[in-house]
Amino acid sequence: MSNGAVSSQTAVQPGTTSAAAKQIARGATVLYSTTFFDQTGAVVQPPGATLTIEYPSPQLQEVIASIAMTPPAGGQAAWTANWDSSVSGPGSVQWSVGTTVSLPRSVEDGFFVLTANGANFAGFTPTSVIAQTFYLLGF
C-alpha cells in the first residue's frame, strides 16, 4: 500500500475444525467464506446471509457486530465477508454465519483467538502515539 500501512488477510473456513483454536494477529483482515448446501449435498443459494461476530473491545468489553455477507458472483458458490480485527482487543472471537430467511435456517459457528503483544498498533490511542513521538523527538 502506498500509505505505508501493513495489511494482511486471513481466511476462516467454516466447516473446518482442529483441536487447538486458530490464532490470528490483531490488525489482520479476516476473510469469511462459506458455501450453503441442502440435505442432499447440492449447493444452494439462500436469499441472504449474515456474519455475526462477538469480540472484546480494546477496553475488554463485549461487542457484537453483524455484517451482511456478499453473495457469490462469477460462477463462485461461496458467500464472503471481511472483518477488520483492528477494532478488537486481544482475546477469543466467536463467529456465526447464517442464512437470513431460508427454512430450514442454516447456521455454522466457530471461534479463534486474536493475539497481540505490547508492540501491536491497536494497543495505542492516537493521542498516546503522538505524545510518545513528541517525547522521543525532545519536544
# chains A, B, ... in the order shown; residues from 1 in each chain; ligands from 1
$ residues_around --residues "Asn82 (chain A)" --least-positions-apart "6" --cutoff "9 Å" --atoms "only C-alpha atoms" --output "list in words"
Gln9, Thr29, Val30, Leu31, Tyr32, Ser33, Ile67 and Met69 of chain A
$ select_by_dssp --residues "region 29-121 of chain A" --states "strand (DSSP E or B)" --output "PyMOL selection string"
chain A and resi 29-34+36-37+43-44+49-56+62-68+70+79-84+91-99+107-115
$ write_last_selection --atoms "N, CA and C atoms" --output "CSV table (one decimal), in the first residue's frame"
chain,number,residue,atom,x,y,z
A,29,THR,N,-7.1,-8.4,8.4
A,29,THR,CA,-8.4,-8.5,7.9
A,29,THR,C,-8.8,-10.0,7.8
A,30,VAL,N,-9.9,-10.4,8.4
A,30,VAL,CA,-10.3,-11.8,8.5
A,30,VAL,C,-11.3,-12.0,7.4
A,31,LEU,N,-11.1,-12.9,6.5
A,31,LEU,CA,-12.0,-13.2,5.4
A,31,LEU,C,-12.8,-14.5,5.8
A,32,TYR,N,-14.1,-14.3,5.7
A,32,TYR,CA,-15.0,-15.4,6.0
A,32,TYR,C,-15.6,-15.9,4.6
A,33,SER,N,-15.6,-17.2,4.4
A,33,SER,CA,-16.1,-17.7,3.1
A,33,SER,C,-16.9,-19.0,3.4
A,34,THR,N,-18.1,-19.1,3.0
A,34,THR,CA,-18.9,-20.3,3.2
A,34,THR,C,-19.8,-20.6,2.1
A,36,PHE,N,-23.3,-22.8,1.1
A,36,PHE,CA,-24.5,-23.5,1.7
A,36,PHE,C,-24.9,-24.7,0.9
A,37,PHE,N,-25.3,-25.7,1.6
A,37,PHE,CA,-25.8,-27.0,0.9
A,37,PHE,C,-27.1,-27.4,1.4
A,43,VAL,N,-25.3,-27.6,-3.8
A,43,VAL,CA,-25.1,-26.2,-3.4
A,43,VAL,C,-26.4,-25.4,-3.6
A,44,VAL,N,-26.8,-24.6,-2.6
A,44,VAL,CA,-28.0,-23.8,-2.7
A,44,VAL,C,-27.6,-22.3,-2.4
A,49,ALA,N,-27.4,-13.9,3.7
A,49,ALA,CA,-26.6,-14.5,4.7
A,49,ALA,C,-25.9,-13.4,5.5
A,50,THR,N,-25.7,-13.7,6.8
A,50,THR,CA,-25.1,-12.7,7.8
A,50,THR,C,-24.0,-13.4,8.6
A,51,LEU,N,-23.0,-12.6,8.8
A,51,LEU,CA,-21.9,-13.0,9.7
A,51,LEU,C,-22.1,-12.2,11.0
A,52,THR,N,-22.2,-12.9,12.1
A,52,THR,CA,-22.2,-12.2,13.4
A,52,THR,C,-21.0,-12.5,14.2
A,53,ILE,N,-20.3,-11.5,14.7
A,53,ILE,CA,-19.0,-11.6,15.4
A,53,ILE,C,-19.2,-11.0,16.8
A,54,GLU,N,-18.7,-11.8,17.8
A,54,GLU,CA,-18.6,-11.3,19.2
A,54,GLU,C,-17.1,-11.2,19.5
A,55,TYR,N,-16.7,-10.0,19.9
A,55,TYR,CA,-15.3,-9.9,20.2
A,55,TYR,C,-15.1,-8.9,21.4
A,56,PRO,N,-13.9,-8.9,22.0
A,56,PRO,CA,-13.6,-7.9,23.1
A,56,PRO,C,-13.2,-6.6,22.5
A,62,GLU,N,-17.6,-6.6,25.8
A,62,GLU,CA,-18.1,-7.4,24.8
A,62,GLU,C,-18.8,-6.5,23.7
A,63,VAL,N,-18.4,-6.8,22.4
A,63,VAL,CA,-19.0,-6.1,21.3
A,63,VAL,C,-19.6,-7.2,20.4
A,64,ILE,N,-20.8,-7.0,19.8
A,64,ILE,CA,-21.4,-7.9,18.9
A,64,ILE,C,-21.7,-7.1,17.6
A,65,ALA,N,-21.2,-7.6,16.5
A,65,ALA,CA,-21.4,-6.9,15.2
A,65,ALA,C,-22.0,-7.9,14.2
A,66,SER,N,-22.9,-7.4,13.3
A,66,SER,CA,-23.4,-8.2,12.3
A,66,SER,C,-23.0,-7.6,10.9
A,67,ILE,N,-22.6,-8.4,10.0
A,67,ILE,CA,-22.1,-8.0,8.7
A,67,ILE,C,-22.9,-8.8,7.7
A,68,ALA,N,-23.5,-8.1,6.7
A,68,ALA,CA,-24.2,-8.7,5.6
A,68,ALA,C,-23.1,-9.4,4.7
A,70,THR,N,-21.5,-11.0,1.3
A,70,THR,CA,-21.7,-10.8,-0.2
A,70,THR,C,-22.0,-12.1,-0.9
A,79,TRP,N,-20.4,-17.5,-0.3
A,79,TRP,CA,-20.7,-16.2,0.3
A,79,TRP,C,-19.5,-15.7,1.1
A,80,THR,N,-19.2,-14.4,1.0
A,80,THR,CA,-18.0,-13.9,1.7
A,80,THR,C,-18.3,-12.7,2.5
A,81,ALA,N,-17.4,-12.4,3.5
A,81,ALA,CA,-17.5,-11.2,4.3
A,81,ALA,C,-16.1,-11.0,4.9
A,82,ASN,N,-15.7,-9.7,5.1
A,82,ASN,CA,-14.4,-9.4,5.7
A,82,ASN,C,-14.7,-8.7,7.0
A,83,TRP,N,-13.8,-8.9,8.0
A,83,TRP,CA,-13.9,-8.2,9.2
A,83,TRP,C,-12.5,-7.7,9.6
A,84,ASP,N,-12.4,-6.4,9.9
A,84,ASP,CA,-11.2,-5.7,10.2
A,84,ASP,C,-10.9,-5.9,11.7
A,91,GLY,N,-8.0,-11.5,22.5
A,91,GLY,CA,-8.9,-12.5,23.2
A,91,GLY,C,-9.7,-13.4,22.2
A,92,SER,N,-10.6,-14.1,22.7
A,92,SER,CA,-11.4,-15.0,22.0
A,92,SER,C,-12.5,-14.3,21.1
A,93,VAL,N,-12.6,-14.6,19.9
A,93,VAL,CA,-13.5,-14.1,18.9
A,93,VAL,C,-14.5,-15.2,18.5
A,94,GLN,N,-15.8,-15.1,18.8
A,94,GLN,CA,-16.7,-16.1,18.3
A,94,GLN,C,-17.4,-15.5,17.1
A,95,TRP,N,-17.8,-16.4,16.2
A,95,TRP,CA,-18.5,-16.0,15.0
A,95,TRP,C,-19.6,-17.0,14.6
A,96,SER,N,-20.6,-16.5,13.9
A,96,SER,CA,-21.6,-17.3,13.4
A,96,SER,C,-22.0,-16.9,12.0
A,97,VAL,N,-22.1,-17.8,11.1
A,97,VAL,CA,-22.6,-17.5,9.7
A,97,VAL,C,-23.9,-18.2,9.6
A,98,GLY,N,-24.9,-17.4,9.1
A,98,GLY,CA,-26.2,-18.0,8.9
A,98,GLY,C,-27.0,-17.4,7.8
A,99,THR,N,-27.9,-18.1,7.3
A,99,THR,CA,-28.8,-17.6,6.2
A,99,THR,C,-29.8,-16.7,6.9
A,107,VAL,N,-27.0,-22.5,9.9
A,107,VAL,CA,-26.1,-21.8,10.8
A,107,VAL,C,-24.8,-22.6,11.0
A,108,GLU,N,-23.7,-21.9,11.1
A,108,GLU,CA,-22.4,-22.5,11.4
A,108,GLU,C,-21.7,-21.6,12.4
A,109,ASP,N,-21.1,-22.1,13.4
A,109,ASP,CA,-20.4,-21.3,14.5
A,109,ASP,C,-19.0,-21.7,14.5
A,110,GLY,N,-18.2,-20.8,15.1
A,110,GLY,CA,-16.8,-21.1,15.3
A,110,GLY,C,-16.1,-20.0,16.1
A,111,PHE,N,-14.8,-20.2,16.4
A,111,PHE,CA,-14.1,-19.2,17.1
A,111,PHE,C,-12.6,-19.2,16.8
A,112,PHE,N,-11.9,-18.2,17.1
A,112,PHE,CA,-10.5,-18.1,17.0
A,112,PHE,C,-10.0,-17.2,18.1
A,113,VAL,N,-8.7,-17.2,18.3
A,113,VAL,CA,-8.1,-16.3,19.3
A,113,VAL,C,-7.3,-15.2,18.6
A,114,LEU,N,-7.7,-14.0,18.9
A,114,LEU,CA,-7.0,-12.8,18.4
A,114,LEU,C,-5.8,-12.5,19.3
A,115,THR,N,-4.6,-12.5,18.8
A,115,THR,CA,-3.4,-12.3,19.6
A,115,THR,C,-2.8,-10.9,19.4
$ closest_residue --among "A:Gly41, A:Gly89, A:Gly74, A:Pro46" --to "Gln61 (chain A)" --atoms "only C-alpha atoms"
A:Gly89
$ closest_residue --among "A:Ser85, A:Gln59, A:Thr100, A:Ser106" --to "Arg26 (chain A)" --atoms "only C-alpha atoms"
A:Ser85
$ atom_distance --atom1 "CA of Ala28 (chain A)" --atom2 "CA of Ala116 (chain A)"
10.8 Å
$ atom_distance --atom1 "CA of Pro58 (chain A)" --atom2 "CA of Gln23 (chain A)"
17.4 Å
$ atom_distance --atom1 "CA of Ser88 (chain A)" --atom2 "CA of Thr35 (chain A)"
26.5 Å
